[in-house]
file upload-v6.cif (mmCIF, C-alpha atoms)
data_coords
#
loop_
_atom_site.label_atom_id
_atom_site.label_comp_id
_atom_site.auth_asym_id
_atom_site.auth_seq_id
_atom_site.Cartn_x
_atom_site.Cartn_y
_atom_site.Cartn_z
CA MET A 26 -162.51 36.56 -153.14
CA SER A 27 -165.11 34.42 -154.85
CA SER A 28 -167.61 37.20 -154.26
CA ILE A 29 -165.37 39.59 -156.19
CA GLN A 30 -165.04 37.22 -159.11
CA ALA A 31 -168.77 36.60 -159.15
CA LEU A 32 -169.15 40.23 -160.23
CA LEU A 33 -166.98 39.73 -163.27
CA SER A 34 -168.81 39.67 -166.58
CA ASP A 35 -167.47 37.88 -169.65
CA HIS A 36 -167.14 41.23 -171.34
CA ASN A 37 -164.98 42.67 -168.57
CA ALA A 38 -162.88 39.50 -168.36
CA LYS A 39 -162.12 39.84 -172.05
CA ARG A 40 -161.21 43.51 -171.60
CA ALA A 41 -158.89 42.58 -168.72
CA LEU A 42 -157.22 39.93 -170.85
CA ALA A 43 -156.76 42.39 -173.71
CA ALA A 44 -155.20 44.92 -171.31
CA PHE A 45 -152.84 42.27 -169.95
CA GLN A 46 -151.76 41.27 -173.44
CA ALA A 47 -151.01 44.90 -174.25
CA ILE A 48 -148.94 45.22 -171.07
CA ALA A 49 -147.10 41.92 -171.52
CA VAL A 50 -145.88 42.76 -175.02
CA GLU A 51 -142.09 42.78 -174.82
CA GLY A 52 -140.93 46.36 -174.51
CA ASP A 53 -137.88 48.26 -173.45
CA GLY A 54 -137.46 47.36 -169.79
CA TYR A 55 -139.00 48.40 -166.52
CA ALA A 56 -139.82 52.02 -167.39
CA TRP A 57 -141.66 50.91 -170.52
CA PHE A 58 -143.58 48.28 -168.56
CA VAL A 59 -144.70 50.78 -165.90
CA ARG A 60 -145.83 53.33 -168.47
CA GLN A 61 -147.72 50.70 -170.45
CA ALA A 62 -149.33 49.23 -167.31
CA LEU A 63 -150.50 52.62 -166.05
CA ASP A 64 -151.95 53.60 -169.41
CA GLU A 65 -153.73 50.30 -170.04
CA LEU A 66 -155.11 49.95 -166.53
CA ALA A 67 -156.31 53.55 -166.43
CA ARG A 68 -158.09 52.94 -169.73
CA LEU A 69 -159.58 49.72 -168.36
CA VAL A 70 -161.16 51.55 -165.42
CA ASP A 71 -162.04 54.84 -167.08
CA SER A 72 -163.85 53.22 -169.97
CA ASP A 73 -166.17 51.32 -167.65
CA MET B 8 -149.94 62.11 -154.87
CA VAL B 9 -149.25 62.44 -158.53
CA ARG B 10 -151.50 64.74 -160.48
CA PRO B 11 -151.59 66.71 -163.67
CA ALA B 12 -150.14 70.13 -163.11
CA GLY B 13 -152.83 72.68 -162.33
CA ILE B 14 -155.56 70.26 -161.36
CA GLY B 15 -156.88 70.85 -157.86
CA ARG B 16 -160.02 71.08 -155.84
CA THR B 17 -161.54 73.54 -158.28
CA CYS B 18 -161.50 71.05 -161.14
CA THR B 19 -164.99 70.58 -162.53
CA ALA B 20 -164.38 67.14 -164.02
CA ARG B 21 -166.62 64.47 -162.59
CA ARG B 22 -163.70 62.08 -162.51
CA LEU B 23 -159.98 62.53 -162.07
CA GLY B 24 -158.37 59.52 -163.65
CA LEU B 25 -155.07 59.71 -161.83
CA THR B 26 -153.28 56.38 -161.91
CA THR B 27 -149.97 55.72 -160.23
CA LEU B 28 -147.64 52.90 -159.29
CA SER B 29 -146.94 53.14 -155.59
CA LEU B 30 -144.02 51.22 -154.07
CA CYS B 31 -144.41 51.04 -150.30
CA ASP B 32 -141.73 49.69 -147.99
CA LEU B 33 -143.60 48.67 -144.86
CA GLU B 34 -140.45 48.12 -142.80
CA LEU B 35 -139.03 51.57 -143.53
CA GLY B 36 -142.42 53.26 -143.75
CA THR B 37 -141.54 54.91 -147.05
CA ARG B 38 -143.28 55.23 -150.41
CA THR B 39 -142.09 55.89 -153.92
CA VAL B 40 -144.61 56.96 -156.54
CA VAL B 41 -144.26 56.59 -160.29
CA GLY B 42 -146.74 58.48 -162.41
CA ARG B 43 -147.45 58.99 -166.06
CA PRO B 44 -145.73 61.66 -168.16
CA GLY B 45 -147.26 65.07 -167.48
CA GLU B 46 -148.21 64.14 -163.94
CA THR B 47 -146.05 65.68 -161.27
CA ILE B 48 -145.67 65.28 -157.55
CA SER B 49 -144.89 68.18 -155.27
CA GLU B 50 -142.75 67.92 -152.17
CA GLN B 51 -145.66 69.34 -150.18
CA ASP B 52 -148.00 66.58 -151.41
CA ARG B 53 -145.41 63.91 -150.73
CA ALA B 54 -144.81 65.16 -147.19
CA ALA B 55 -148.55 65.36 -146.45
CA PHE B 56 -149.10 61.75 -147.55
CA ASN B 57 -146.03 60.44 -145.76
CA ARG B 58 -147.18 61.91 -142.44
CA TYR B 59 -150.12 59.50 -142.50
CA PHE B 60 -148.48 56.63 -144.35
CA ARG B 61 -148.98 54.03 -141.59
CA GLU B 62 -152.56 55.18 -140.97
CA HIS B 63 -153.64 55.01 -144.59
CA PRO B 64 -156.53 52.50 -144.85
CA LEU B 65 -155.14 50.75 -147.94
CA VAL B 66 -151.58 50.59 -146.61
CA ARG B 67 -152.89 49.12 -143.36
CA TYR B 68 -155.05 46.60 -145.19
CA HIS B 69 -152.43 45.38 -147.66
CA GLY B 70 -149.76 45.50 -144.98
CA THR B 71 -151.69 42.95 -142.95
CA HIS B 72 -153.20 41.03 -145.90
CA SER B 73 -150.21 40.39 -148.16
CA ARG B 74 -152.31 38.24 -150.48
CA GLY B 75 -155.38 40.45 -150.19
CA PRO B 76 -157.45 41.44 -153.24
CA THR B 77 -157.96 44.75 -155.01
CA GLN B 78 -159.46 47.12 -152.46
CA ARG B 79 -161.19 50.47 -152.39
CA ILE B 80 -160.74 52.69 -149.38
CA THR B 81 -164.48 52.23 -148.83
CA ASP B 82 -163.88 48.46 -148.52
CA CYS B 83 -161.67 49.22 -145.51
CA VAL B 84 -163.49 52.09 -143.78
CA SER B 85 -166.78 53.91 -144.38
CA HIS B 86 -166.69 56.85 -146.75
CA GLN B 87 -167.74 59.10 -143.88
CA ALA B 88 -164.90 57.87 -141.67
CA PHE B 89 -162.43 58.39 -144.53
CA ARG B 90 -163.65 61.97 -145.11
CA GLN B 91 -163.17 62.71 -141.42
CA SER B 92 -159.64 61.30 -141.33
CA PRO B 93 -156.50 63.49 -141.20
CA VAL B 94 -155.11 61.93 -144.40
CA PHE B 95 -158.23 63.05 -146.26
CA ALA B 96 -158.20 66.54 -144.76
CA GLU B 97 -154.51 67.22 -145.37
CA TYR B 98 -153.96 65.28 -148.55
CA TYR B 99 -156.86 63.93 -150.59
CA HIS B 100 -159.23 66.85 -150.03
CA ARG B 101 -156.56 69.36 -150.96
CA ILE B 102 -155.82 67.66 -154.29
CA GLY B 103 -159.44 66.92 -155.15
CA ILE B 104 -159.59 63.17 -154.66
CA ASP B 105 -162.55 61.45 -152.96
CA TYR B 106 -162.19 57.81 -153.95
CA VAL B 107 -159.16 55.55 -154.11
CA MET B 108 -158.69 51.93 -155.20
CA ALA B 109 -155.48 49.88 -155.10
CA LEU B 110 -154.53 46.83 -157.17
CA PRO B 111 -151.73 45.12 -155.19
CA LEU B 112 -148.89 43.31 -156.96
CA ARG B 113 -147.46 40.90 -154.43
CA ILE B 114 -143.69 40.98 -154.03
CA ASP B 115 -143.05 39.95 -150.42
CA ASP B 116 -144.28 40.70 -146.91
CA ALA B 117 -142.18 43.86 -146.59
CA ASN B 118 -143.14 45.48 -149.87
CA VAL B 119 -146.56 46.49 -151.10
CA ILE B 120 -146.53 47.54 -154.71
CA SER B 121 -149.88 48.85 -155.89
CA VAL B 122 -151.38 50.38 -158.94
CA VAL B 123 -153.47 53.14 -157.36
CA PHE B 124 -156.52 54.67 -159.02
CA ASN B 125 -157.84 58.03 -157.82
CA ARG B 126 -161.13 59.75 -158.58
CA SER B 127 -163.31 62.61 -157.52
CA SER B 128 -167.09 62.45 -157.03
CA LEU B 129 -167.72 58.85 -158.09
CA ASN B 130 -166.63 55.70 -156.32
CA PHE B 131 -165.24 52.70 -158.17
CA SER B 132 -167.85 50.08 -158.94
CA ASP B 133 -167.81 46.43 -157.87
CA ALA B 134 -167.44 45.47 -161.53
CA GLU B 135 -164.38 47.71 -161.93
CA ARG B 136 -162.83 46.19 -158.83
CA ALA B 137 -163.53 42.67 -160.10
CA THR B 138 -162.14 43.44 -163.56
CA LEU B 139 -158.87 44.74 -162.12
CA ASP B 140 -158.56 41.89 -159.63
CA VAL B 141 -158.41 39.39 -162.50
CA LEU B 142 -155.01 40.89 -163.32
CA ARG B 143 -153.57 40.81 -159.79
CA HIS B 144 -151.64 37.52 -160.02
CA PRO B 145 -150.48 37.68 -163.66
CA LEU B 146 -149.40 41.32 -163.31
CA GLY B 147 -147.50 40.51 -160.11
CA ALA B 148 -145.65 37.69 -161.89
CA LEU B 149 -144.96 39.97 -164.87
CA TYR B 150 -143.66 42.73 -162.59
CA ARG B 151 -141.21 40.39 -160.85
CA ASN B 152 -140.09 38.96 -164.18
CA ILE B 153 -139.48 42.41 -165.66
CA LEU B 154 -137.40 43.43 -162.66
CA VAL B 155 -135.30 40.26 -162.80
CA ARG B 156 -134.68 40.69 -166.52
CA GLU B 157 -133.80 44.36 -166.05
CA GLU B 158 -131.35 43.45 -163.30
CA ALA B 159 -129.82 40.74 -165.48
CA SER B 160 -129.46 43.25 -168.30
CA VAL B 161 -127.60 45.68 -166.03
CA CYS B 162 -125.28 42.87 -164.87
CA GLN B 163 -124.68 41.83 -168.46
CA ARG B 164 -123.63 45.35 -169.48
CA SER B 165 -121.23 45.47 -166.53
CA LEU B 166 -119.80 42.09 -167.44
CA GLN B 167 -119.30 43.15 -171.06
CA GLY B 168 -116.90 45.84 -169.89
CA ILE B 169 -115.00 43.43 -167.67
CA ILE B 170 -114.86 40.78 -170.37
CA ALA B 171 -113.59 43.14 -173.06
CA SER B 172 -110.87 44.51 -170.80
CA ASN B 173 -109.56 40.97 -170.33
CA GLY B 174 -109.34 40.13 -174.00
CA TRP B 175 -112.71 38.41 -174.30
CA HIS B 176 -115.31 39.55 -176.78
CA LEU B 177 -119.05 38.94 -176.99
CA GLY B 178 -121.45 37.78 -179.63
CA ALA B 179 -125.16 37.16 -179.11
CA ILE B 180 -126.75 34.01 -180.52
CA GLY B 181 -130.46 33.89 -181.41
CA ASN B 182 -132.59 31.11 -182.83
CA ASP B 183 -131.09 28.64 -185.33
CA SER B 184 -127.53 29.52 -184.35
CA ARG B 185 -127.80 32.95 -185.90
CA VAL B 186 -125.44 35.63 -184.68
CA VAL B 187 -127.75 38.55 -183.88
CA GLU B 188 -125.15 40.95 -182.51
CA MET B 189 -121.40 41.00 -182.25
CA SER B 190 -118.64 43.45 -181.41
CA ASP B 191 -116.30 44.52 -184.22
CA GLU B 192 -113.43 42.61 -182.64
CA ALA B 193 -115.53 39.45 -182.25
CA ALA B 194 -116.58 39.66 -185.90
CA ARG B 195 -112.96 40.08 -186.98
CA MET B 196 -111.98 37.00 -184.96
CA LEU B 197 -114.64 34.84 -186.58
CA ARG B 198 -113.62 35.99 -190.06
CA TYR B 199 -110.01 35.10 -189.33
CA PHE B 200 -110.83 31.56 -188.25
CA PHE B 201 -113.80 30.73 -190.50
CA ALA B 202 -114.22 31.31 -194.23
CA ASP B 203 -118.03 31.25 -193.85
CA ALA B 204 -118.22 33.78 -190.98
CA PRO B 205 -120.70 36.67 -191.31
CA SER B 206 -119.29 39.66 -193.13
CA GLY B 207 -120.87 42.04 -190.59
CA ALA B 208 -122.13 42.02 -187.02
CA ARG B 209 -124.89 39.49 -187.74
CA GLY B 210 -125.66 36.45 -189.85
CA ASN B 211 -125.37 32.67 -189.66
CA ALA B 212 -122.72 31.36 -187.31
CA PRO B 213 -119.87 29.54 -189.12
CA ALA B 214 -120.86 25.92 -189.80
CA PRO B 215 -118.40 24.24 -187.39
CA LEU B 216 -119.37 26.60 -184.59
CA ALA B 217 -123.09 26.18 -185.34
CA ALA B 218 -122.71 22.39 -185.19
CA TRP B 219 -120.99 22.67 -181.79
CA LEU B 220 -123.76 24.96 -180.53
CA ARG B 221 -126.45 22.53 -181.69
CA ARG B 222 -124.74 19.57 -180.03
CA ARG B 223 -124.33 21.56 -176.86
CA SER B 224 -127.88 22.96 -176.59
CA ARG B 225 -129.39 19.53 -177.26
CA ASN B 226 -127.41 17.95 -174.46
CA TRP B 227 -129.63 17.83 -171.37
CA GLY B 228 -127.43 15.27 -169.63
CA LEU B 229 -125.45 15.83 -166.46
CA ASP B 230 -122.32 16.46 -168.49
CA ARG B 231 -123.87 19.52 -170.18
CA LEU B 232 -121.99 21.91 -167.93
CA GLN B 233 -118.74 20.01 -168.44
CA THR B 234 -118.77 20.62 -172.17
CA ALA B 235 -115.33 21.79 -173.24
CA PRO B 236 -115.12 25.17 -174.95
CA TYR B 237 -114.95 25.22 -178.72
CA SER B 238 -111.49 25.84 -180.08
CA ALA B 239 -110.01 26.39 -183.51
CA MET B 240 -106.46 26.97 -184.72
CA ARG B 241 -105.05 28.97 -187.57
CA ALA B 242 -101.46 29.88 -188.21
CA GLY B 243 -100.30 29.92 -184.64
CA MET B 244 -103.47 31.54 -183.33
CA LYS B 245 -105.97 29.72 -181.14
CA LEU B 246 -109.63 30.71 -180.86
CA THR B 247 -111.49 29.71 -177.69
CA VAL B 248 -115.27 30.03 -177.51
CA HIS B 249 -117.51 29.54 -174.50
CA PHE B 250 -121.31 29.59 -174.76
CA VAL B 251 -123.45 31.09 -171.98
CA ALA B 252 -127.06 30.01 -172.52
CA ASP B 253 -130.06 32.23 -171.81
CA PRO B 254 -131.82 30.45 -168.91
CA LEU B 255 -135.22 31.12 -170.47
CA ARG B 256 -134.25 30.08 -174.02
CA PRO B 257 -131.32 27.64 -173.81
CA GLU B 258 -130.74 27.61 -177.56
CA CYS B 259 -130.02 31.35 -177.37
CA GLY B 260 -127.29 33.08 -175.40
CA HIS B 261 -123.87 34.64 -175.71
CA LEU B 262 -120.59 33.55 -177.19
CA LEU B 263 -117.51 34.52 -175.23
CA MET B 264 -114.56 34.55 -177.59
CA ARG B 265 -110.84 35.08 -177.19
CA GLN B 266 -107.90 34.52 -179.47
CA GLU B 267 -104.35 33.99 -178.36
CA ARG B 268 -101.06 33.24 -179.98
CA VAL B 269 -99.86 29.73 -179.24
CA GLY B 270 -96.67 29.81 -181.29
CA LEU B 271 -95.43 31.11 -184.61
CA THR B 272 -95.17 29.03 -187.74
CA ALA B 273 -92.57 29.44 -190.42
CA ARG B 274 -95.32 30.14 -192.96
CA GLU B 275 -96.32 33.30 -191.06
CA LEU B 276 -92.81 34.66 -191.66
CA ASP B 277 -93.01 34.48 -195.45
CA SER B 278 -92.79 38.25 -195.69
CA LEU B 279 -89.33 38.27 -194.10
CA PRO B 280 -86.25 38.06 -196.43
CA LEU B 281 -85.09 34.70 -195.05
CA THR B 282 -84.50 31.20 -196.33
CA SER B 283 -86.98 28.50 -195.46
CA ARG B 284 -84.67 27.01 -192.82
CA GLU B 285 -83.97 30.40 -191.27
CA ARG B 286 -87.72 30.97 -190.95
CA ASP B 287 -88.08 27.57 -189.25
CA VAL B 288 -85.44 28.55 -186.69
CA LEU B 289 -86.79 32.05 -186.13
CA ALA B 290 -90.37 30.80 -185.67
CA LEU B 291 -89.27 28.46 -182.91
CA VAL B 292 -87.04 31.07 -181.25
CA ALA B 293 -89.92 33.57 -181.32
CA SER B 294 -92.13 30.91 -179.72
CA GLY B 295 -89.74 30.80 -176.76
CA LYS B 296 -87.59 27.80 -177.59
CA THR B 297 -83.90 27.64 -176.61
CA ASN B 298 -81.21 26.85 -179.20
CA SER B 299 -80.94 23.37 -177.79
CA GLU B 300 -84.70 22.80 -178.10
CA VAL B 301 -84.70 24.20 -181.65
CA ALA B 302 -81.86 21.83 -182.52
CA THR B 303 -83.80 18.85 -181.22
CA LEU B 304 -87.04 19.84 -182.97
CA LEU B 305 -85.35 20.43 -186.31
CA ALA B 306 -82.90 17.49 -185.96
CA ILE B 307 -79.86 19.69 -186.46
CA SER B 308 -76.96 20.59 -184.17
CA PRO B 309 -77.04 23.56 -181.77
CA ARG B 310 -74.10 25.00 -183.64
CA THR B 311 -76.07 24.96 -186.88
CA VAL B 312 -78.95 26.67 -185.10
CA GLN B 313 -76.59 29.39 -183.93
CA LYS B 314 -75.24 29.79 -187.48
CA HIS B 315 -78.78 30.17 -188.89
CA LEU B 316 -79.59 32.73 -186.19
CA GLU B 317 -76.51 34.79 -187.05
CA HIS B 318 -77.70 34.95 -190.66
CA VAL B 319 -81.17 35.94 -189.45
CA PHE B 320 -79.72 38.74 -187.30
CA GLU B 321 -77.70 40.04 -190.23
CA LYS B 322 -80.59 39.95 -192.70
CA LEU B 323 -83.02 41.59 -190.28
CA GLY B 324 -80.48 44.15 -189.07
CA VAL B 325 -80.77 43.17 -185.42
CA GLU B 326 -78.26 42.08 -182.80
CA THR B 327 -80.20 39.96 -180.32
CA ARG B 328 -82.61 37.02 -180.40
CA THR B 329 -85.20 39.15 -178.58
CA ALA B 330 -85.10 41.77 -181.30
CA ALA B 331 -85.34 39.05 -183.94
CA ALA B 332 -88.33 37.52 -182.14
CA LEU B 333 -90.07 40.90 -182.05
CA ARG B 334 -89.56 41.27 -185.81
CA ALA B 335 -91.06 37.81 -186.28
CA VAL B 336 -94.12 38.59 -184.17
CA ALA B 337 -94.58 41.92 -185.95
CA ALA B 338 -94.49 40.13 -189.31
CA ALA B 339 -97.04 37.55 -188.15
CA TYR B 340 -99.37 40.18 -186.68
CA ALA B 341 -99.08 42.26 -189.84
CA ASP B 342 -100.47 39.24 -191.67
CA LEU B 343 -103.31 39.01 -189.13
CA SER B 344 -104.19 42.69 -189.40
CA HIS B 345 -104.82 42.27 -193.12
CA VAL B 346 -107.45 39.56 -192.68
CA ASP B 347 -110.30 42.02 -193.23
#
call {"tool": "encode", "arguments": {"input": "upload-v6.cif", "output": "structure tokens"}}
result
Amino acid sequence: MSSIQALLSDHNAKRALAAFQAIAVEGDGYAWFVRQALDELARLVDSD
Amino acid sequence: MVRPAGIGRTCTARRLGLTTLSLCDLELGTRTVVGRPGETISEQDRAAFNRYFREHPLVRYHGTHSRGPTQRITDCVSHQAFRQSPVFAEYYHRIGIDYVMALPLRIDDANVISVVFNRSSLNFSDAERATLDVLRHPLGALYRNILVREEASVCQRSLQGIIASNGWHLGAIGNDSRVVEMSDEAARMLRYFFADAPSGARGNAPAPLAAWLRRRSRNWGLDRLQTAPYSAMRAGMKLTVHFVADPLRPECGHLLMRQERVGLTARELDSLPLTSRERDVLALVASGKTNSEVATLLAISPRTVQKHLEHVFEKLGVETRTAAALRAVAAAYADLSHVD
């Protein structure tokens, strides 16, 4: 676990936080949450 | 597997950014996949995956490590072993996927809910895995919270139907005792009982009701739940209001309102062609009093009550006290229906 986190750069931590904030914005229920989570997380990985 | 229609092994893209939410029930051995718009799942794909569900490296890992971190398939088995496995041959190879990574959102020991990332030709890096793993706990908490709120919302809609069919009506209260939503009937009730009620479905709660709400939401003592409902009276009508607080924001919540007739007053019968005394008698009769009770309440004899009633019957063109009472109620309700 600690070995995973050791690989985390400040830049990527900030990107993860920004993605979480975009997902946590209050939307219209479960379907909205899933769609937002998939989009934001896909962007987080693909833009690496 | 979920994938954009038409994308298969022949795709020339270096990466296939397929991302899905996979809900696995380890007890039943079943999986439900939610994908993004435009990504479809075929029955053939679903059947191929399900055949190897219990052998899937990530399902096995997260099934036995319920608090385990974000994992790639290559964290569980070698890439060579994965490529030689039946699930690769019959599922991943056919749809053009070589690398898979799962971000698990912990629910309980029986359910593994993962955001699954799929790619061709390039494995996920350690940095990508670490970046996603930062979100594992907060996203899991958010997921559970969203589900609970969604379930509460469904229950609330069901209750609204039950409440309305039993004469209760709903209004939603936001910050600062503002009514943020209200049924037409609830709005009409408030306007009948309060001169300062909102003219529409939203606005400031009437001052007396707002004061009661403030006193109630500021009470964190043990008697909070014993707070009596708010009540108001007007012309023989009684308004009863209960407040159901939002557990997450106790100053917000819902008003449950009902009005009921508790007895007619002579003033409500002004539209009837009767003397003042006859209206007094009729109001009490329509409220269910016997002649003897009316006599006691008005300090007159039962015979005088009967005499007044005979005049009432004649003036209203009816023959029984029941018919007279119905005329009285109709007159009072006619007054109520013109409140708006």
call {"tool": "resolve_selection", "arguments": {"input": "upload-v6.cif", "expression": "the PyMOL selection byres ((chain B) within 8 of (chain A))", "output": "list in words"}}
result
Gly24, Leu25, Thr26, Thr27, Leu28, Gly42, Arg43, Pro76, Val122, Phe124, Asp133, Ala134, Glu135, Arg136, Ala137, Thr138, Leu139, Asp140, Val141, Leu142, Leu146, Leu149, Ile153, Leu154, Arg156 and Glu157 of chain B
call {"tool": "resolve_selection", "arguments": {"input": "upload-v6.cif", "expression": "the PyMOL selection byres ((chain B and resi 251-257) around 12)", "output": "ChimeraX atom specification"}}
result
/B:152,155-156,159-160,163,177-184,220-221,223-227,231-232,234,236,248-250,258-264
call {"tool": "write_last_selection", "arguments": {"input": "upload-v6.cif", "atoms": "C-alpha atoms", "output": "PDB file, in the frame of the given file"}}
result
ATOM      1  CA  ASN B 152    -140.090  38.960-164.180  1.00  0.00           C
ATOM      2  CA  VAL B 155    -135.300  40.260-162.800  1.00  0.00           C
ATOM      3  CA  ARG B 156    -134.680  40.690-166.520  1.00  0.00           C
ATOM      4  CA  ALA B 159    -129.820  40.740-165.480  1.00  0.00           C
ATOM      5  CA  SER B 160    -129.460  43.250-168.300  1.00  0.00           C
ATOM      6  CA  GLN B 163    -124.680  41.830-168.460  1.00  0.00           C
ATOM      7  CA  LEU B 177    -119.050  38.940-176.990  1.00  0.00           C
ATOM      8  CA  GLY B 178    -121.450  37.780-179.630  1.00  0.00           C
ATOM      9  CA  ALA B 179    -125.160  37.160-179.110  1.00  0.00           C
ATOM     10  CA  ILE B 180    -126.750  34.010-180.520  1.00  0.00           C
ATOM     11  CA  GLY B 181    -130.460  33.890-181.410  1.00  0.00           C
ATOM     12  CA  ASN B 182    -132.590  31.110-182.830  1.00  0.00           C
ATOM     13  CA  ASP B 183    -131.090  28.640-185.330  1.00  0.00           C
ATOM     14  CA  SER B 184    -127.530  29.520-184.350  1.00  0.00           C
ATOM     15  CA  LEU B 220    -123.760  24.960-180.530  1.00  0.00           C
ATOM     16  CA  ARG B 221    -126.450  22.530-181.690  1.00  0.00           C
ATOM     17  CA  ARG B 223    -124.330  21.560-176.860  1.00  0.00           C
ATOM     18  CA  SER B 224    -127.880  22.960-176.590  1.00  0.00           C
ATOM     19  CA  ARG B 225    -129.390  19.530-177.260  1.00  0.00           C
ATOM     20  CA  ASN B 226    -127.410  17.950-174.460  1.00  0.00           C
ATOM     21  CA  TRP B 227    -129.630  17.830-171.370  1.00  0.00           C
ATOM     22  CA  ARG B 231    -123.870  19.520-170.180  1.00  0.00           C
ATOM     23  CA  LEU B 232    -121.990  21.910-167.930  1.00  0.00           C
ATOM     24  CA  THR B 234    -118.770  20.620-172.170  1.00  0.00           C
ATOM     25  CA  PRO B 236    -115.120  25.170-174.950  1.00  0.00           C
ATOM     26  CA  VAL B 248    -115.270  30.030-177.510  1.00  0.00           C
ATOM     27  CA  HIS B 249    -117.510  29.540-174.500  1.00  0.00           C
ATOM     28  CA  PHE B 250    -121.310  29.590-174.760  1.00  0.00           C
ATOM     29  CA  GLU B 258    -130.740  27.610-177.560  1.00  0.00           C
ATOM     30  CA  CYS B 259    -130.020  31.350-177.370  1.00  0.00           C
ATOM     31  CA  GLY B 260    -127.290  33.080-175.400  1.00  0.00           C
ATOM     32  CA  HIS B 261    -123.870  34.640-175.710  1.00  0.00           C
ATOM     33  CA  LEU B 262    -120.590  33.550-177.190  1.00  0.00           C
ATOM     34  CA  LEU B 263    -117.510  34.520-175.230  1.00  0.00           C
ATOM     35  CA  MET B 264    -114.560  34.550-177.590  1.00  0.00           C
TER      36      MET B 264
END
call {"tool": "residues_around", "arguments": {"input": "upload-v6.cif", "residues": "Val66 of chain B", "least_positions_apart": "3", "cutoff": "12 Å", "atoms": "all atoms listed in the file", "output": "JSON, numbers by chain"}}
result
{"B": [29, 30, 31, 32, 33, 36, 37, 38, 56, 57, 59, 60, 61, 62, 63, 69, 70, 71, 72, 73, 75, 78, 79, 80, 83, 107, 108, 109, 110, 111, 117, 118, 119, 120, 121, 123]}
call {"tool": "atom_distance", "arguments": {"input": "upload-v6.cif", "atom1": "atom CA of Gln167 of chain B", "atom2": "atom CA of Gly207 of chain B"}}
result
19.6 Å
call {"tool": "resolve_selection", "arguments": {"input": "upload-v6.cif", "expression": "the PyMOL selection byres ((chain B and resi 300-309) around 12)", "output": "list in words"}}
result
Arg284, Glu285, Arg286, Asp287, Val288, Leu289, Ala290, Leu291, Val292, Ala293, Ser294, Gly295, Lys296, Thr297, Asn298, Ser299, Arg310, Thr311, Val312, Gln313, Lys314, His315 and Leu316 of chain B
call {"tool": "closest_residue", "arguments": {"input": "upload-v6.cif", "among": "B:Arg126, B:Arg241, B:Arg268, B:Arg113", "to": "Arg151 of chain B", "atoms": "all atoms listed in the file"}}
result
B:Arg113
call {"tool": "atom_distance", "arguments": {"input": "upload-v6.cif", "atom1": "atom CA of Arg90 of chain B", "atom2": "atom CA of Ala55 of chain B"}}
result
15.5 Å
